[in-house]
file target-v8.cif (mmCIF, C-alpha atoms)
data_query
#
loop_
_atom_site.label_atom_id
_atom_site.label_comp_id
_atom_site.auth_asym_id
_atom_site.auth_seq_id
_atom_site.Cartn_x
_atom_site.Cartn_y
_atom_site.Cartn_z
CA MET A 1 -52.11 -30.06 -63.02
CA GLU A 2 -49.54 -30.76 -65.69
CA SER A 3 -47.16 -28.12 -66.95
CA THR A 4 -45.12 -28.38 -70.09
CA GLN A 5 -42.20 -26.84 -71.85
CA GLY A 6 -42.47 -27.74 -75.51
CA ASN A 7 -43.91 -31.10 -76.54
CA PRO A 8 -43.46 -33.60 -73.68
CA GLY A 9 -44.28 -36.54 -75.91
CA THR A 10 -41.06 -36.12 -77.90
CA GLU A 11 -38.67 -35.37 -75.05
CA ARG A 12 -36.04 -37.89 -73.97
CA PRO A 13 -35.74 -38.81 -70.27
CA GLY A 14 -33.09 -37.15 -68.14
CA PRO A 15 -30.03 -38.94 -66.72
CA LEU A 16 -31.78 -39.65 -63.38
CA ALA A 17 -35.02 -40.94 -64.90
CA GLY A 18 -36.38 -43.77 -62.73
CA ILE A 19 -34.92 -42.36 -59.49
CA ARG A 20 -37.44 -41.30 -56.83
CA VAL A 21 -36.50 -38.80 -54.11
CA ALA A 22 -38.38 -38.23 -50.85
CA ASP A 23 -37.57 -34.57 -50.27
CA PHE A 24 -38.09 -33.42 -46.67
CA SER A 25 -35.94 -30.30 -47.13
CA VAL A 26 -37.07 -26.73 -46.46
CA HIS A 27 -35.84 -23.17 -46.96
CA ALA A 28 -33.30 -22.70 -49.75
CA ALA A 29 -30.24 -24.95 -49.88
CA GLY A 30 -32.05 -28.28 -49.48
CA PRO A 31 -34.81 -27.55 -52.00
CA PHE A 32 -32.18 -26.36 -54.46
CA ALA A 33 -30.54 -29.79 -54.21
CA GLY A 34 -33.93 -31.34 -54.95
CA LEU A 35 -34.33 -29.02 -57.94
CA MET A 36 -30.99 -30.17 -59.37
CA LEU A 37 -32.09 -33.81 -59.08
CA ALA A 38 -35.53 -33.04 -60.55
CA GLU A 39 -33.98 -31.19 -63.48
CA MET A 40 -31.95 -34.31 -64.21
CA GLY A 41 -35.11 -36.37 -64.44
CA ALA A 42 -35.63 -37.75 -60.91
CA GLN A 43 -39.15 -37.87 -59.53
CA VAL A 44 -38.82 -35.57 -56.52
CA ILE A 45 -41.71 -35.64 -54.03
CA LYS A 46 -41.58 -32.58 -51.79
CA ILE A 47 -43.06 -33.44 -48.39
CA GLU A 48 -44.50 -30.36 -46.73
CA SER A 49 -46.90 -29.48 -43.94
CA SER A 50 -49.65 -26.89 -43.70
CA ALA A 51 -48.69 -26.58 -40.04
CA ARG A 52 -45.23 -25.32 -40.93
CA LEU A 53 -44.78 -24.10 -44.48
CA ASP A 54 -41.44 -23.91 -46.21
CA ILE A 55 -40.25 -20.39 -45.35
CA THR A 56 -40.02 -19.46 -49.02
CA ARG A 57 -43.67 -20.47 -49.55
CA ARG A 58 -44.88 -18.20 -46.76
CA PRO A 59 -46.18 -14.71 -47.64
CA HIS A 60 -43.47 -12.06 -47.69
CA ALA A 61 -43.61 -9.69 -44.70
CA MET A 62 -43.53 -6.62 -46.96
CA TYR A 63 -44.97 -7.67 -50.31
CA GLY A 64 -47.68 -10.11 -49.21
CA LYS A 65 -47.30 -12.90 -51.75
CA PRO A 66 -44.59 -15.55 -51.34
CA PRO A 67 -41.18 -14.61 -52.75
CA SER A 68 -40.31 -15.81 -56.23
CA SER A 69 -37.44 -17.86 -54.82
CA PHE A 70 -39.90 -20.64 -53.94
CA GLU A 71 -40.93 -21.00 -57.56
CA GLN A 72 -37.32 -20.96 -58.67
CA ILE A 73 -36.12 -23.80 -56.44
CA ASN A 74 -39.20 -26.03 -56.42
CA ALA A 75 -40.07 -26.43 -60.09
CA ASN A 76 -40.27 -29.93 -61.55
CA LYS A 77 -41.34 -31.41 -58.18
CA MET A 78 -44.48 -33.03 -56.80
CA SER A 79 -45.96 -31.71 -53.54
CA VAL A 80 -47.67 -33.68 -50.80
CA CYS A 81 -48.69 -32.67 -47.29
CA LEU A 82 -47.90 -34.65 -44.15
CA ASN A 83 -48.28 -33.39 -40.59
CA LEU A 84 -45.27 -35.23 -39.20
CA LYS A 85 -46.41 -34.68 -35.62
CA GLU A 86 -49.00 -37.39 -36.30
CA PRO A 87 -47.85 -41.06 -36.07
CA ARG A 88 -49.88 -42.04 -39.14
CA ALA A 89 -48.20 -39.28 -41.14
CA VAL A 90 -44.78 -40.61 -40.11
CA GLU A 91 -45.87 -44.08 -41.26
CA LEU A 92 -46.84 -42.66 -44.66
CA ALA A 93 -43.54 -40.80 -44.88
CA LEU A 94 -41.67 -44.05 -44.26
CA GLU A 95 -43.78 -45.76 -46.92
CA LEU A 96 -42.61 -43.11 -49.36
CA VAL A 97 -39.02 -43.69 -48.26
CA SER A 98 -39.44 -47.44 -48.79
CA ILE A 99 -40.15 -46.89 -52.51
CA SER A 100 -37.52 -44.15 -52.97
CA GLU A 101 -33.86 -44.43 -53.86
CA LEU A 102 -32.93 -41.18 -52.12
CA ALA A 103 -34.11 -39.08 -49.20
CA LEU A 104 -33.09 -35.45 -48.73
CA GLU A 105 -33.31 -33.24 -45.63
CA ASN A 106 -31.76 -30.08 -44.24
CA PHE A 107 -33.08 -29.80 -40.69
CA ARG A 108 -30.80 -29.33 -37.72
CA PRO A 109 -29.09 -32.60 -36.79
CA GLY A 110 -31.39 -34.78 -34.70
CA VAL A 111 -34.70 -33.24 -35.80
CA LEU A 112 -35.55 -36.00 -38.27
CA SER A 113 -34.68 -38.70 -35.72
CA ARG A 114 -36.96 -37.12 -33.11
CA LEU A 115 -39.78 -37.29 -35.64
CA GLY A 116 -39.13 -41.00 -36.11
CA LEU A 117 -37.61 -40.49 -39.55
CA GLY A 118 -33.89 -40.71 -38.89
CA TYR A 119 -31.45 -42.74 -40.95
CA GLU A 120 -31.88 -45.92 -38.87
CA ALA A 121 -35.68 -45.72 -39.18
CA MET A 122 -35.32 -45.27 -42.93
CA ARG A 123 -32.96 -48.26 -43.17
CA GLU A 124 -35.57 -50.44 -41.49
CA VAL A 125 -37.97 -49.86 -44.38
CA ARG A 126 -35.31 -49.68 -47.10
CA PRO A 127 -31.88 -51.08 -46.18
CA ASP A 128 -30.12 -49.51 -49.18
CA ILE A 129 -31.65 -46.04 -48.80
CA ILE A 130 -29.38 -43.06 -49.34
CA LEU A 131 -30.13 -40.18 -46.96
CA VAL A 132 -28.47 -36.87 -47.81
CA SER A 133 -28.41 -34.52 -44.82
CA LEU A 134 -27.46 -30.94 -45.61
CA SER A 135 -26.80 -28.68 -42.63
CA SER A 136 -24.92 -25.61 -41.52
CA ASN A 137 -22.14 -27.30 -39.54
CA GLY A 138 -22.54 -31.01 -40.27
CA GLN A 139 -23.97 -33.89 -38.28
CA THR A 140 -21.07 -34.11 -35.80
CA GLY A 141 -18.90 -31.73 -33.79
CA PRO A 142 -19.54 -29.35 -30.87
CA GLU A 143 -21.39 -26.80 -33.04
CA SER A 144 -23.46 -29.25 -35.08
CA ASN A 145 -26.70 -28.03 -33.47
CA TYR A 146 -26.04 -24.35 -34.07
CA ALA A 147 -28.63 -22.54 -36.16
CA GLY A 148 -27.33 -21.23 -39.44
CA TYR A 149 -28.31 -19.28 -42.53
CA ALA A 150 -26.35 -18.47 -45.67
CA PRO A 151 -24.35 -15.46 -44.33
CA MET A 152 -23.18 -17.58 -41.39
CA PHE A 153 -21.89 -20.35 -43.67
CA SER A 154 -19.40 -18.07 -45.39
CA ALA A 155 -18.48 -16.33 -42.14
CA LEU A 156 -17.73 -19.55 -40.25
CA GLY A 157 -16.03 -21.09 -43.28
CA GLY A 158 -13.59 -18.19 -43.66
CA LEU A 159 -14.78 -17.25 -47.14
CA GLY A 160 -16.59 -14.11 -45.98
CA HIS A 161 -13.49 -12.84 -44.20
CA LEU A 162 -11.58 -12.96 -47.49
CA THR A 163 -14.33 -11.28 -49.53
CA GLY A 164 -14.65 -7.49 -49.71
CA TYR A 165 -12.49 -4.40 -50.01
CA PRO A 166 -9.35 -3.85 -47.87
CA ASP A 167 -10.90 -0.89 -46.05
CA GLY A 168 -14.29 -2.54 -45.57
CA PRO A 169 -15.82 -5.31 -43.48
CA PRO A 170 -16.14 -8.96 -44.55
CA VAL A 171 -18.93 -9.52 -47.07
CA GLU A 172 -21.99 -11.66 -46.38
CA LEU A 173 -22.48 -14.25 -49.12
CA ARG A 174 -26.13 -15.27 -49.24
CA HIS A 175 -27.76 -17.11 -52.13
CA ALA A 176 -24.36 -18.12 -53.48
CA MET A 177 -23.79 -20.20 -50.34
CA ASP A 178 -27.30 -21.70 -50.30
CA HIS A 179 -27.22 -22.64 -53.95
CA THR A 180 -23.64 -23.90 -53.92
CA GLY A 181 -24.50 -25.99 -50.86
CA GLY A 182 -27.53 -27.38 -52.69
CA MET A 183 -25.45 -28.23 -55.74
CA LEU A 184 -22.88 -29.97 -53.53
CA ALA A 185 -25.65 -32.03 -51.90
CA ALA A 186 -26.99 -33.02 -55.33
CA PHE A 187 -23.48 -33.97 -56.45
CA ALA A 188 -22.98 -36.06 -53.31
CA ALA A 189 -26.36 -37.74 -53.88
CA VAL A 190 -25.39 -38.76 -57.43
CA ALA A 191 -22.01 -40.03 -56.15
CA ALA A 192 -23.78 -42.12 -53.49
CA LEU A 193 -26.12 -43.53 -56.16
CA SER A 194 -23.07 -44.51 -58.21
CA ALA A 195 -21.47 -46.19 -55.18
CA ARG A 196 -24.66 -48.12 -54.46
CA GLN A 197 -24.85 -49.30 -58.06
CA ARG A 198 -21.36 -50.77 -57.60
CA THR A 199 -21.69 -52.11 -54.04
CA GLY A 200 -25.42 -52.45 -53.39
CA ILE A 201 -24.96 -50.48 -50.16
CA GLY A 202 -26.81 -47.30 -49.21
CA GLN A 203 -25.40 -44.69 -46.83
CA HIS A 204 -25.95 -41.52 -44.85
CA VAL A 205 -24.30 -38.56 -46.60
CA ASP A 206 -23.34 -35.66 -44.31
CA VAL A 207 -22.95 -32.35 -46.20
CA SER A 208 -21.87 -29.22 -44.29
CA VAL A 209 -22.13 -25.83 -45.99
CA ARG A 210 -19.63 -24.45 -43.50
CA ASP A 211 -17.14 -27.09 -44.63
CA LEU A 212 -17.93 -26.16 -48.22
CA ALA A 213 -16.94 -22.54 -47.62
CA THR A 214 -13.73 -23.66 -45.91
CA SER A 215 -12.86 -25.89 -48.87
CA PHE A 216 -12.71 -22.79 -51.08
CA ILE A 217 -9.87 -21.14 -49.13
CA GLY A 218 -7.19 -23.81 -49.42
CA PRO A 219 -4.49 -21.51 -50.89
CA GLU A 220 -4.99 -18.99 -48.07
CA LEU A 221 -4.72 -21.72 -45.43
CA LEU A 222 -1.47 -22.89 -47.03
CA ASP A 223 -0.17 -19.31 -47.04
CA VAL A 224 -0.75 -19.08 -43.31
CA ALA A 225 0.76 -22.50 -42.60
CA MET A 226 3.83 -22.17 -44.81
CA ASN A 227 4.57 -18.43 -44.86
CA SER A 228 2.96 -17.23 -41.60
CA ARG A 229 1.28 -14.62 -43.76
CA GLU A 230 -2.28 -13.58 -42.97
CA PRO A 231 -4.36 -13.13 -46.14
CA HIS A 232 -6.39 -9.94 -46.51
CA ARG A 233 -9.38 -8.77 -48.50
CA ASN A 234 -8.35 -7.59 -51.96
CA GLY A 235 -11.60 -6.28 -53.39
CA ASN A 236 -11.70 -7.11 -57.10
CA ARG A 237 -7.94 -7.46 -57.39
CA ASP A 238 -5.66 -10.45 -57.71
CA VAL A 239 -2.66 -10.96 -55.44
CA SER A 240 -0.25 -11.45 -58.35
CA ALA A 241 -1.63 -9.98 -61.58
CA ALA A 242 -2.82 -6.58 -62.84
CA PRO A 243 -4.99 -5.13 -64.11
CA GLN A 244 -7.82 -7.03 -62.45
CA GLY A 245 -11.02 -5.19 -61.69
CA VAL A 246 -14.47 -3.89 -62.49
CA TYR A 247 -14.58 -0.54 -64.27
CA ARG A 248 -17.29 2.04 -64.81
CA CYS A 249 -18.50 2.46 -68.40
CA LEU A 250 -20.62 4.88 -70.39
CA GLY A 251 -24.17 4.95 -69.06
CA GLU A 252 -25.81 4.79 -65.65
CA ASP A 253 -24.52 2.02 -63.39
CA GLU A 254 -22.79 0.26 -66.30
CA TRP A 255 -19.67 -1.76 -65.54
CA VAL A 256 -17.22 -4.11 -67.21
CA SER A 257 -14.98 -6.74 -65.65
CA ILE A 258 -11.44 -6.96 -67.03
CA SER A 259 -8.74 -9.52 -66.23
CA VAL A 260 -5.18 -9.48 -67.60
CA ALA A 261 -3.14 -12.48 -66.49
CA SER A 262 -0.15 -12.64 -68.86
CA GLU A 263 2.23 -10.46 -70.85
CA ALA A 264 0.54 -11.49 -74.11
CA GLU A 265 -2.82 -10.37 -72.71
CA TRP A 266 -1.29 -7.07 -71.60
CA GLN A 267 -0.05 -6.43 -75.11
CA GLY A 268 -3.51 -7.25 -76.41
CA PHE A 269 -4.96 -4.80 -73.89
CA VAL A 270 -2.58 -2.03 -74.99
CA LYS A 271 -3.55 -2.60 -78.62
CA ALA A 272 -7.29 -2.54 -77.78
CA VAL A 273 -7.07 0.81 -75.96
CA GLY A 274 -5.17 2.39 -78.86
CA SER A 275 -1.58 2.20 -77.52
CA PRO A 276 -1.70 5.46 -75.48
CA ALA A 277 1.55 6.88 -74.12
CA TRP A 278 0.82 5.82 -70.53
CA ALA A 279 0.34 2.18 -71.61
CA VAL A 280 3.48 1.79 -73.74
CA GLY A 281 5.96 3.47 -71.37
CA ASP A 282 8.17 1.83 -68.76
CA ASP A 283 5.81 2.56 -65.85
CA TYR A 284 3.77 -0.55 -66.64
CA GLY A 285 6.43 -2.43 -68.58
CA ASP A 286 6.15 -5.71 -66.67
CA ALA A 287 3.67 -7.55 -64.46
CA PHE A 288 5.34 -6.55 -61.19
CA ARG A 289 5.31 -2.84 -62.01
CA ARG A 290 1.68 -3.04 -63.09
CA TRP A 291 0.81 -4.79 -59.85
CA ARG A 292 2.73 -2.21 -57.76
CA LYS A 293 0.93 0.69 -59.49
CA HIS A 294 -2.53 -0.85 -59.63
CA ASP A 295 -4.23 2.36 -58.40
CA GLU A 296 -2.68 4.51 -61.13
CA LEU A 297 -3.37 1.84 -63.73
CA ASP A 298 -7.03 1.60 -62.71
CA ALA A 299 -7.42 5.37 -63.10
CA HIS A 300 -6.07 5.23 -66.65
CA ILE A 301 -8.27 2.26 -67.55
CA GLU A 302 -11.44 3.81 -66.20
CA GLU A 303 -10.72 7.03 -68.06
CA TRP A 304 -10.94 4.89 -71.24
CA THR A 305 -13.88 2.65 -70.24
CA ARG A 306 -16.03 5.64 -69.26
CA CYS A 307 -16.04 6.69 -72.92
CA HIS A 308 -17.49 3.38 -74.12
CA THR A 309 -20.40 1.11 -73.31
CA ALA A 310 -19.66 -2.16 -71.52
CA GLU A 311 -20.48 -4.06 -74.72
CA GLU A 312 -18.04 -1.93 -76.74
CA VAL A 313 -15.26 -2.47 -74.20
CA THR A 314 -15.97 -6.20 -74.20
CA GLN A 315 -15.84 -6.48 -77.99
CA LYS A 316 -12.63 -4.45 -78.29
CA LEU A 317 -10.80 -6.41 -75.59
CA GLN A 318 -12.08 -9.86 -76.56
CA ALA A 319 -10.98 -9.19 -80.16
CA CYS A 320 -7.44 -8.79 -78.79
CA GLY A 321 -7.58 -11.90 -76.59
CA VAL A 322 -8.32 -10.16 -73.29
CA ALA A 323 -10.87 -11.55 -70.83
CA ALA A 324 -13.60 -8.94 -70.42
CA HIS A 325 -17.37 -9.04 -69.93
CA PRO A 326 -20.11 -6.65 -68.87
CA SER A 327 -21.42 -6.95 -65.32
CA LEU A 328 -25.00 -7.83 -66.25
CA ALA A 329 -28.04 -6.80 -64.23
CA PRO A 330 -30.95 -9.30 -64.27
CA ASP A 331 -32.92 -7.43 -66.94
CA ALA A 332 -29.83 -7.29 -69.17
CA MET A 333 -29.28 -11.02 -68.68
CA MET A 334 -32.78 -11.72 -69.97
CA ARG A 335 -31.84 -9.89 -73.20
CA ASP A 336 -28.31 -11.28 -73.54
CA THR A 337 -27.90 -12.76 -77.01
CA HIS A 338 -25.52 -15.51 -75.89
CA LEU A 339 -27.81 -16.73 -73.10
CA LEU A 340 -30.82 -16.56 -75.40
CA ALA A 341 -28.96 -18.59 -78.02
CA ARG A 342 -28.32 -21.25 -75.37
CA LYS A 343 -32.02 -21.17 -74.37
CA ALA A 344 -31.07 -20.30 -70.80
CA PHE A 345 -34.52 -18.92 -69.91
CA PRO A 346 -37.21 -21.29 -71.21
CA THR A 347 -40.89 -20.48 -70.82
CA VAL A 348 -42.87 -22.93 -68.68
CA TYR A 349 -46.65 -23.10 -69.13
CA ASN A 350 -49.44 -23.89 -66.69
CA ASP A 351 -52.09 -25.71 -68.70
CA ASP A 352 -54.75 -25.25 -66.01
CA THR A 353 -54.54 -21.48 -65.66
CA GLY A 354 -52.89 -20.42 -68.91
CA GLU A 355 -50.13 -18.73 -66.92
CA ARG A 356 -46.58 -18.73 -68.16
CA GLN A 357 -43.32 -17.90 -66.48
CA ARG A 358 -39.66 -17.78 -67.42
CA ALA A 359 -37.42 -20.34 -65.78
CA VAL A 360 -33.66 -20.80 -65.54
CA THR A 361 -32.42 -23.84 -67.40
CA PRO A 362 -29.90 -26.20 -65.75
CA PRO A 363 -26.32 -25.00 -66.31
CA TRP A 364 -25.22 -28.18 -68.09
CA ARG A 365 -26.12 -29.85 -71.36
CA PHE A 366 -26.42 -33.60 -71.91
CA SER A 367 -26.39 -34.65 -75.56
CA GLU A 368 -28.47 -37.81 -75.06
CA THR A 369 -30.29 -37.46 -71.70
CA PRO A 370 -31.10 -33.76 -71.45
CA ALA A 371 -31.81 -32.00 -68.19
CA ARG A 372 -34.70 -29.54 -68.25
CA VAL A 373 -37.25 -27.46 -66.38
CA ASP A 374 -40.61 -28.65 -67.69
CA GLN A 375 -43.10 -28.64 -64.80
CA TRP A 376 -44.79 -25.71 -63.11
CA THR A 377 -44.02 -25.23 -59.42
CA PRO A 378 -46.59 -27.27 -57.48
CA THR A 379 -49.20 -25.79 -55.20
CA LEU A 380 -49.22 -27.02 -51.60
CA GLY A 381 -50.40 -30.63 -51.51
CA GLN A 382 -51.20 -30.62 -55.21
CA HIS A 383 -50.18 -34.25 -55.68
CA ASN A 384 -51.68 -35.79 -52.54
CA LEU A 385 -53.99 -38.09 -54.52
CA ASP A 386 -51.36 -38.82 -57.18
CA VAL A 387 -48.85 -39.96 -54.56
CA PHE A 388 -50.86 -41.49 -51.73
CA SER A 389 -53.44 -43.16 -53.93
CA GLY A 390 -51.67 -43.47 -57.27
CA ILE A 391 -48.21 -44.49 -55.96
CA LEU A 392 -48.80 -45.88 -52.46
CA GLY A 393 -52.14 -47.46 -53.38
CA LEU A 394 -54.35 -45.99 -50.64
CA PRO A 395 -58.06 -45.83 -51.53
CA GLU A 396 -59.10 -42.30 -52.50
CA ASP A 397 -61.69 -42.12 -49.72
CA GLU A 398 -58.98 -42.97 -47.16
CA VAL A 399 -56.80 -40.15 -48.51
CA LEU A 400 -59.73 -37.75 -48.13
CA GLU A 401 -60.35 -38.98 -44.57
CA LEU A 402 -56.68 -38.46 -43.70
CA GLU A 403 -56.90 -34.94 -45.12
CA GLN A 404 -59.98 -34.21 -42.98
CA ALA A 405 -58.15 -35.56 -39.92
CA GLN A 406 -55.22 -33.19 -40.71
CA ILE A 407 -52.79 -36.07 -41.08
CA ILE A 408 -52.31 -35.49 -44.79
CA TRP A 409 -52.21 -31.72 -44.13
#
call {"tool": "encode", "arguments": {"input": "target-v8.cif", "output": "structure tokens"}}
result
Amino acid sequence: MESTQGNPGTERPGPLAGIRVADFSVHAAGPFAGLMLAEMGAQVIKIESSARLDITRRPHAMYGKPPSSFEQINANKMSVCLNLKEPRAVELALELVSISELALENFRPGVLSRLGLGYEAMREVRPDIILVSLSSNGQTGPESNYAGYAPMFSALGGLGHLTGYPDGPPVELRHAMDHTGGMLAAFAAVAALSARQRTGIGQHVDVSVRDLATSFIGPELLDVAMNSREPHRNGNRDVSAAPQGVYRCLGEDEWVSISVASEAEWQGFVKAVGSPAWAVGDDYGDAFRRWRKHDELDAHIEEWTRCHTAEEVTQKLQACGVAAHPSLAPDAMMRDTHLLARKAFPTVYNDDTGERQRAVTPPWRFSETPARVDQWTPTLGQHNLDVFSGILGLPEDEVLELEQAQIIW
């Protein structure tokens, strides 16, 4: 099955064209890394098993069909099935590694080695292989074998403790941690490819999502170390500037985000709201007084924003040099004129079934080697013949026999 977005015959290859990735990853963060690489033109072969499906491919407990997140993070890939409990399947997996530049996995540390597919086994078949291992807590340390999902990453990394309102509990960060972890793994993979191009040496790249969360709280760690001051949750506010917040607008569940970071922006804000008496008096005459009276200031601002739509508030403030944008719900994003102008949601077609679906384009633009989403999400094992026969060179009847024996399965 071939899926297209536009005319594939006229499209230029992406920046990673010619790179093959053996993708053993499951769940969310690992497959998202593979998606990033596939969007940049790499040939990503997703290695799955009918015995243990990727959790996002399994039917949803409530809705029946698999969640849409599988389609989102596995587009542009090929799919093959290997039952890695079978020695012959492990041999085939290593054959794929031997003709790949990269391998990607996000099991708990040690799982891949127990299957006979660890870094040393991969190096035996391809000495310059790059293996990117993405995990909760990293490949080393006393908690490296701990189970982990997205909310735990932010909690252990300290980011969750700093996120939320002062009178509320820490906030669980879910998809943001998975997807940021996946993007970090893709970035590290490209960096390792660059190093190998210079040195000829492959390597094992250890990416910890817990470490990623910790890397985001550097200023707070410095505050503790230098000032012995424990940082607290600030909701939508900034520790040194006001106003900063999200304000209710005209309409049901409509909000706008506003940020004023300088005196010039405050003057622009005052002009945009019509220079009311409360805004031009001494009560909010400098940044410190505005910060001290943030509660009062927010009440005045929301009294104004409630009389306007989020789009009207945005236009008025942006015209005066103030950072402001609506807080967009998914359906509003699909209609957003700016995103549509940037072709952020291309339509991908399935030539076999006639189906179409909207995709999310990569968040970067290359002028000469464009990244794109141009292949429909593969069905389980869809490319078994293409890969095992077409790439590895096995006779088709042998592939069928291995499928019947539940080795390619």
call {"tool": "axis_aligned_box", "arguments": {"input": "target-v8.cif", "around": "region 394-401 of chain A", "padding_each_side": "6 Å", "output": "JSON"}}
result
{"center_x": -58.0, "center_y": -41.9, "center_z": -48.5, "size_x": 19.3, "size_y": 20.2, "size_z": 19.9}
call {"tool": "closest_atom_pairs", "arguments": {"input": "target-v8.cif", "of": "region 127-178 of chain A", "to": "region 218-223 of chain A", "cutoff": "12 Å", "atoms": "only C-alpha atoms", "output": "JSON lines"}}
result
{"residue": "A:Gly157", "atom": "CA", "partner": "A:Gly218", "partner_atom": "CA", "distance": 11.1}
{"residue": "A:Gly158", "atom": "CA", "partner": "A:Glu220", "partner_atom": "CA", "distance": 9.7}
{"residue": "A:Leu159", "atom": "CA", "partner": "A:Glu220", "partner_atom": "CA", "distance": 10.0}
{"residue": "A:His161", "atom": "CA", "partner": "A:Glu220", "partner_atom": "CA", "distance": 11.2}
{"residue": "A:Leu162", "atom": "CA", "partner": "A:Glu220", "partner_atom": "CA", "distance": 9.0}
call {"tool": "atom_distance", "arguments": {"input": "target-v8.cif", "atom1": "CA of Ile408 (chain A)", "atom2": "CA of Val125 (chain A)"}}
result
20.3 Å
call {"tool": "resolve_selection", "arguments": {"input": "target-v8.cif", "expression": "the PyMOL selection byres ((chain A and resi 237) around 12)", "output": "VMD selection string"}}
result
chain A and resid 162 to 166 232 to 236 238 to 247 257 to 261 291 to 292 294 to 295 298
call {"tool": "resolve_selection", "arguments": {"input": "target-v8.cif", "expression": "the PyMOL selection byres ((chain A and resi 347) around 10)", "output": "ChimeraX atom specification"}}
result
/A:4-6,343-346,348-349,356-361,373-374
call {"tool": "decode", "arguments": {"input": "target-v8.cif", "residues": "region 290-295 of chain A", "atoms": "all heavy atoms", "output": "compact mmCIF listing (two decimals), in the first residue's frame"}}
result
# COMPACT_ATOMS: atom_id res chain seq x y z
N ARG A 290 3.12 46.58 39.87
CA ARG A 290 2.22 45.69 39.14
C ARG A 290 2.37 44.25 39.64
O ARG A 290 1.38 43.53 39.78
CB ARG A 290 2.50 45.77 37.64
CG ARG A 290 2.10 47.10 37.03
CD ARG A 290 2.10 47.04 35.51
NE ARG A 290 3.43 46.88 34.93
CZ ARG A 290 4.25 47.89 34.64
NH1 ARG A 290 3.88 49.15 34.92
NH2 ARG A 290 5.43 47.66 34.09
N TRP A 291 3.60 43.86 39.88
CA TRP A 291 3.85 42.50 40.37
C TRP A 291 3.27 42.30 41.77
O TRP A 291 2.67 41.26 42.05
CB TRP A 291 5.35 42.25 40.36
CG TRP A 291 5.74 40.86 40.80
CD1 TRP A 291 5.70 39.73 40.05
CD2 TRP A 291 6.22 40.48 42.09
NE1 TRP A 291 6.13 38.65 40.80
CE2 TRP A 291 6.46 39.10 42.06
CE3 TRP A 291 6.49 41.20 43.26
CZ2 TRP A 291 6.95 38.40 43.16
CZ3 TRP A 291 6.97 40.51 44.37
CH2 TRP A 291 7.20 39.12 44.31
N ARG A 292 3.40 43.31 42.64
CA ARG A 292 2.88 43.21 44.00
C ARG A 292 1.35 43.13 44.00
O ARG A 292 0.76 42.50 44.90
CB ARG A 292 3.33 44.43 44.82
CG ARG A 292 4.78 44.44 45.22
CD ARG A 292 5.04 43.50 46.39
NE ARG A 292 4.25 43.86 47.55
CZ ARG A 292 4.64 44.72 48.50
NH1 ARG A 292 5.83 45.32 48.39
NH2 ARG A 292 3.88 44.97 49.54
N LYS A 293 0.69 43.78 43.04
CA LYS A 293 -0.77 43.83 43.02
C LYS A 293 -1.34 43.02 41.85
O LYS A 293 -2.31 43.42 41.21
CB LYS A 293 -1.24 45.29 42.92
CG LYS A 293 -0.83 46.13 44.12
CD LYS A 293 -1.44 47.52 44.05
CE LYS A 293 -1.12 48.32 45.31
NZ LYS A 293 -1.77 49.65 45.31
N HIS A 294 -0.72 41.86 41.63
CA HIS A 294 -1.11 41.04 40.48
C HIS A 294 -2.58 40.63 40.55
O HIS A 294 -3.29 40.61 39.55
CB HIS A 294 -0.22 39.79 40.40
CG HIS A 294 0.04 39.32 39.01
ND1 HIS A 294 -0.96 39.21 38.05
CD2 HIS A 294 1.18 38.92 38.39
CE1 HIS A 294 -0.44 38.75 36.93
NE2 HIS A 294 0.85 38.57 37.09
N ASP A 295 -3.08 40.31 41.75
CA ASP A 295 -4.48 39.89 41.89
C ASP A 295 -5.43 41.01 41.45
O ASP A 295 -6.39 40.76 40.69
CB ASP A 295 -4.79 39.49 43.34
CG ASP A 295 -4.13 38.18 43.72
OD1 ASP A 295 -3.78 37.40 42.80
OD2 ASP A 295 -3.95 37.92 44.93
